[in-house]
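I have placed the structure first, in the form of structure tokens, so that the comments after it can refer back to it.
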Amino acid sequence: MQRESMTDVQAVDSLGQAFKDLNREVGKVIIGQDDVVKAVIISLFSNGHSLLVGVPGLAKTLLVSTIAQVLDLEFNRIQFTPDLMPSDITGSEILDEDRRFKFNRGPVFANIILADEINRTPPKTQAALLEAMQERAVTVSGQRHILPKPFFVLATQNPIEQEGTYPLPEAQLDRFMFNIWLDYPAFKDELTVVKNTTSTHKPELRLVMNADDISYYQDIIRKIPIADNVLEYAVNLAAKTRPGTDRATDKVKQYISWGAGPRASQFLVLGAKTHGAIHGKYSPDIEDVQAVAKLVLRHRIVRNYKAEAEGVSEEKIIEGLL
């Protein structure tokens with residue numbers, strides 16, 4: 001069926017099918033990371049960026065390049081290092097043969113950007129990418145250059161090797177819709193991974209959708225209605241994380257020094273809409289908000305010294321709120 005002749009209900013049905021197709025194709029390459037793949041796809045349809053946190057060797061780069069392949073999107077990988085300059089990301093003005101200044105586009109001009117080990121580069125360079133994430137454009141020598149649509153950043157961080165790193169400040173972490181944790185694969189899944197990657201096995205991937213399809217589905221997500229009680233639940237959930245306010249729980253007052261801002265409420269609603277849509281719902285419910293709550297909130301709450309001393313994690317605090 002042509003997109004133009006689809007009703008909104010049919011569009012949501014087709015989004016659910018697109019998710020299944022996408023999940024199936026990515027699953028040919030990425031084994032045993034179903035929740036991670038699902039979270040990345042939800043953030044893609046919600047038009048949000050994601051931060052992937054995991055030790056080396058868990059197929060973070062492979063996941064991003066595989067998604068770019070099956071989506072027929074332009075993909076660039078930027079390896080963040082201490083000597084990386086902002087112009088290495090955004091591009092710079094160069095003199096051409098006619099002695100005129102010409103803008104030479106940087107790697108940020110693609111649909112999917114993998115910002116590998118984003119915490120390895122100084123704040124000035126981090127800020128160049130984060131401006132692009134927020135504005136969907138870059139400014140070089142006073143000229144504004146619009147980035148292609150859709151534009152989606154997947155940044156990775158290694159949680160164990162912190163020497164010589166520049167942790168992202170909370171205000172910059174807030175630009176990421178989701179914080180996705182990758183864990184080691186189950187033994188059975190690791191067996192399959194090793195078997196596939198040490199043989200001549202090479203899965204054939206087929207294209208599932210293109211840039212126009214993704215932009216279309218991102219618009220559909222915005223159109224999905226949400227009941228007032230679900231909207232209130234999402235906003236209330238974000239408000240509960242803020243110590244010093246009347247909605248804060250005792251645990252939050254005890255263990256949190258800073259809570260989630262209004263952007264968390266927006267992402268809870270968008271994430272719930274997408275989560276509901278890929279599971280065949282025409283309007284999200286409270287369970288859909290709860291399904292994305294940890295992904296949205298875990299990098300937006302700042303624990304105090306008491307929480308760190310007593311080993312109370314962000315996960316435990318969020319579970320208490322749910």
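By order in the structure tokens, chains are A, B, ...; within a chain, residues start at 1; ligands start at 1, following the order shown.
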Those of stretch 186-241 of chain A in DSSP alpha helix (DSSP H), formatted as a ChimeraX atom specification: /A:187-197,211-223,228-239
Limited to C-alpha atoms, could you put the picked residues into a file as a CSV table (one decimal), in the first residue's frame?
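Result went into out.csv, see below:
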```csv
chain,number,residue,atom,x,y,z
A,187,PHE,CA,26.9,-18.7,27.1
A,188,LYS,CA,24.7,-20.2,24.4
A,189,ASP,CA,24.7,-16.9,22.4
A,190,GLU,CA,28.5,-16.6,22.7
A,191,LEU,CA,28.8,-20.1,21.3
A,192,THR,CA,26.8,-19.0,18.2
A,193,VAL,CA,28.8,-15.7,17.9
A,194,VAL,CA,32.1,-17.6,18.0
A,195,LYS,CA,30.9,-20.3,15.6
A,196,ASN,CA,29.6,-17.7,13.0
A,197,THR,CA,32.6,-15.3,13.3
A,211,ALA,CA,15.6,7.6,4.9
A,212,ASP,CA,12.2,8.7,3.7
A,213,ASP,CA,10.5,5.8,5.4
A,214,ILE,CA,12.2,6.6,8.7
A,215,SER,CA,11.2,10.2,8.5
A,216,TYR,CA,7.7,9.2,7.7
A,217,TYR,CA,7.5,6.8,10.8
A,218,GLN,CA,9.1,9.5,13.0
A,219,ASP,CA,6.1,11.8,12.0
A,220,ILE,CA,3.7,9.0,12.7
A,221,ILE,CA,5.0,8.5,16.2
A,222,ARG,CA,4.3,12.2,16.9
A,223,LYS,CA,0.7,11.8,15.7
A,228,ASP,CA,-4.0,12.1,30.0
A,229,ASN,CA,-3.4,9.7,32.8
A,230,VAL,CA,-0.4,8.1,30.9
A,231,LEU,CA,1.0,11.6,30.1
A,232,GLU,CA,0.6,12.6,33.8
A,233,TYR,CA,2.3,9.3,34.9
A,234,ALA,CA,5.3,10.0,32.7
A,235,VAL,CA,5.7,13.6,33.9
A,236,ASN,CA,5.1,12.6,37.5
A,237,LEU,CA,7.8,9.9,37.1
A,238,ALA,CA,10.4,12.4,36.0
A,239,ALA,CA,9.3,14.9,38.7
```
A:Arg300 surroundings by only C-alpha atoms, 9 Å radius, close-in-sequence under 2 positions cut, as a ChimeraX atom specification: /A:170-171,173-174,258-261,264,296-298,302
For the residues in that selection, give me N, CA and C atoms as a compact mmCIF listing (two decimals), in the first residue's frame.
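Writing the result to again-v3.txt gives the following:
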```txt
# COMPACT_ATOMS: atom_id res chain seq x y z
N GLU A 170 26.57 16.40 32.95
CA GLU A 170 25.15 16.02 32.99
C GLU A 170 24.33 16.76 31.92
N ALA A 171 24.66 18.05 31.69
CA ALA A 171 23.91 18.83 30.70
C ALA A 171 24.08 18.24 29.30
N LEU A 173 24.97 14.93 28.73
CA LEU A 173 24.34 13.60 28.77
C LEU A 173 22.85 13.70 28.48
N ASP A 174 22.26 14.83 28.89
CA ASP A 174 20.82 15.03 28.73
C ASP A 174 20.39 15.06 27.26
N TRP A 258 20.71 15.41 42.23
CA TRP A 258 20.12 16.14 41.10
C TRP A 258 19.22 15.20 40.32
N GLY A 259 18.06 15.69 39.91
CA GLY A 259 17.09 14.83 39.21
C GLY A 259 16.96 15.13 37.73
N ALA A 260 16.04 14.42 37.09
CA ALA A 260 15.83 14.55 35.64
C ALA A 260 15.03 15.81 35.32
N GLY A 261 15.39 16.46 34.19
CA GLY A 261 14.70 17.67 33.76
C GLY A 261 13.51 17.37 32.85
N ALA A 264 13.46 14.68 30.04
CA ALA A 264 13.19 13.29 30.41
C ALA A 264 11.71 12.97 30.21
N VAL A 296 15.70 6.00 29.86
CA VAL A 296 15.58 7.46 29.81
C VAL A 296 16.16 8.12 31.06
N LEU A 297 15.97 7.49 32.22
CA LEU A 297 16.28 8.17 33.49
C LEU A 297 17.67 7.89 34.04
N ARG A 298 18.28 6.75 33.69
CA ARG A 298 19.49 6.33 34.42
C ARG A 298 20.67 7.30 34.27
N VAL A 302 21.62 12.11 39.35
CA VAL A 302 22.98 12.14 39.89
C VAL A 302 22.92 11.69 41.35
```
Between atom CA of A:Ala18 and atom CA of A:Ile67, distance in Å (one decimal):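 Separation of atom CA of A:Ala18 and atom CA of A:Ile67: 12.8 Å.
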Point-to-point distance in Å for atom CA of A:Ala110 and atom CA of A:Glu25: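 So the two atoms, atom CA of A:Glu25 and atom CA of A:Ala110, lie 21.7 Å apart.
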Nearest to A:Thr249, chosen from A:Gly320, A:Pro56, A:Gly16, A:Gly48, with only C-alpha atoms counted in the distances: A:Gly320
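Going from atom CA of A:Val312 to atom CA of A:Val269 covers 26.7 Å.
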Spatial neighbours of A:Asn23, 10 Å, only C-alpha atoms, chain gap at least 2 places, as a PyMOL selection string: chain A and resi 17-21+25-28+30+34+37-38+41+67+70+208
Residue nearest A:His299 - candidates A:His145, A:Arg247, A:Arg175, A:Lys273, atoms counted: only C-alpha atoms: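 Comparing A:His145, A:Arg247, A:Arg175, A:Lys273 against A:His299, the winner is A:Arg175.
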Selected residue, from A:Phe45, A:Ala68, A:Ile89, A:Val9, that lies nearest to A:Arg206 when counting only C-alpha atoms: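 For A:Arg206, the nearest of the candidates is A:Ala68.
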Shell of 12 Å around A:Ile146, only C-alpha atoms, local chain residues under 3 positions omitted, as a ChimeraX atom specification: /A:90,105,108-111,131-140,143,149-151
Atoms kept (N, CA and C atoms) for selection, written as a compact mmCIF listing (two decimals), in the first residue's frame:
```txt
# COMPACT_ATOMS: atom_id res chain seq x y z
N THR A 90 33.13 18.44 12.28
CA THR A 90 32.18 19.27 11.52
C THR A 90 32.64 19.56 10.10
N ARG A 105 33.08 19.24 3.95
CA ARG A 105 32.23 18.61 4.97
C ARG A 105 32.99 17.56 5.79
N VAL A 108 30.52 14.25 10.22
CA VAL A 108 29.21 14.38 10.87
C VAL A 108 28.07 14.47 9.83
N PHE A 109 28.42 14.73 8.57
CA PHE A 109 27.41 14.83 7.52
C PHE A 109 27.06 13.43 7.00
N ALA A 110 26.30 12.71 7.80
CA ALA A 110 25.80 11.37 7.43
C ALA A 110 24.51 11.15 8.21
N ASN A 111 23.80 10.07 7.92
CA ASN A 111 22.54 9.81 8.63
C ASN A 111 22.77 9.19 10.00
N GLU A 131 26.45 19.91 19.80
CA GLU A 131 25.71 21.01 19.14
C GLU A 131 24.99 20.47 17.91
N ALA A 132 25.70 19.63 17.15
CA ALA A 132 25.09 19.04 15.96
C ALA A 132 23.89 18.17 16.33
N MET A 133 24.01 17.44 17.45
CA MET A 133 22.91 16.59 17.90
C MET A 133 21.67 17.41 18.24
N GLN A 134 21.89 18.52 18.91
CA GLN A 134 20.77 19.35 19.36
C GLN A 134 20.15 20.14 18.21
N GLU A 135 21.02 20.79 17.41
CA GLU A 135 20.54 21.72 16.38
C GLU A 135 20.26 21.04 15.04
N ARG A 136 20.77 19.80 14.87
CA ARG A 136 20.70 19.11 13.57
C ARG A 136 21.35 19.97 12.47
N ALA A 137 22.36 20.74 12.89
CA ALA A 137 23.10 21.63 11.96
C ALA A 137 24.44 21.96 12.61
N VAL A 138 25.41 22.40 11.78
CA VAL A 138 26.69 22.87 12.33
C VAL A 138 26.98 24.26 11.78
N THR A 139 27.68 25.06 12.59
CA THR A 139 28.06 26.40 12.16
C THR A 139 29.57 26.47 12.03
N VAL A 140 30.03 26.79 10.82
CA VAL A 140 31.47 26.90 10.55
C VAL A 140 31.72 28.26 9.89
N GLN A 143 28.78 30.36 8.97
CA GLN A 143 27.81 29.77 8.03
C GLN A 143 27.15 28.54 8.66
N LYS A 149 18.74 14.40 6.84
CA LYS A 149 17.68 13.76 7.64
C LYS A 149 17.49 12.33 7.16
N PRO A 150 17.23 11.38 8.05
CA PRO A 150 17.29 11.52 9.50
C PRO A 150 18.73 11.60 9.97
N PHE A 151 18.92 12.19 11.16
CA PHE A 151 20.26 12.31 11.73
C PHE A 151 20.23 11.68 13.11
```
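Residues with any atom within 9 Å of A:Asn104, counting only C-alpha atoms and excluding same-chain neighbours fewer than 2 positions away, are Thr90, Gly91, Ser92, Glu93, Ile94, Lys102 and Gly106 of chain A.
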Nearest candidate to A:Leu182 (options A:Thr156, A:Leu147, A:Ala307, A:Lys251; using only C-alpha atoms): A:Thr156
Residues near A:Tyr305, cut-off 9 Å, only C-alpha atoms, skip fewer than 2 positions along chain, as a list in words: Tyr255, Ile256, Ser257, Arg303, Ala307, Glu308, Ala309 and Glu310 of chain A
Could you dump the residues just selected with C-alpha atoms as a PDB file, in the first residue's frame?
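The resulting file, again.pdb, is reproduced below:
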```
ATOM      1  CA  TYR A 255      20.276   9.380  47.679  1.00  0.00           C
ATOM      2  CA  ILE A 256      19.899  11.843  44.775  1.00  0.00           C
ATOM      3  CA  SER A 257      21.626  15.210  44.492  1.00  0.00           C
ATOM      4  CA  ARG A 303      23.630  10.073  43.016  1.00  0.00           C
ATOM      5  CA  ALA A 307      24.285   6.481  47.605  1.00  0.00           C
ATOM      6  CA  GLU A 308      27.787   5.665  46.355  1.00  0.00           C
ATOM      7  CA  ALA A 309      28.987   4.695  49.834  1.00  0.00           C
ATOM      8  CA  GLU A 310      26.005   2.399  50.378  1.00  0.00           C
TER       9      GLU A 310
END
```
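With only C-alpha atoms as the atoms that count, the minimum distance from A:Leu71 to the choices A:Leu207, A:Leu114, A:Ala11, A:Ile318 is reached by A:Leu207.
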Nearest-residue call for A:Ser265, choices A:His201, A:Lys60, A:Arg120, A:Lys240, using only C-alpha atoms: A:Lys240
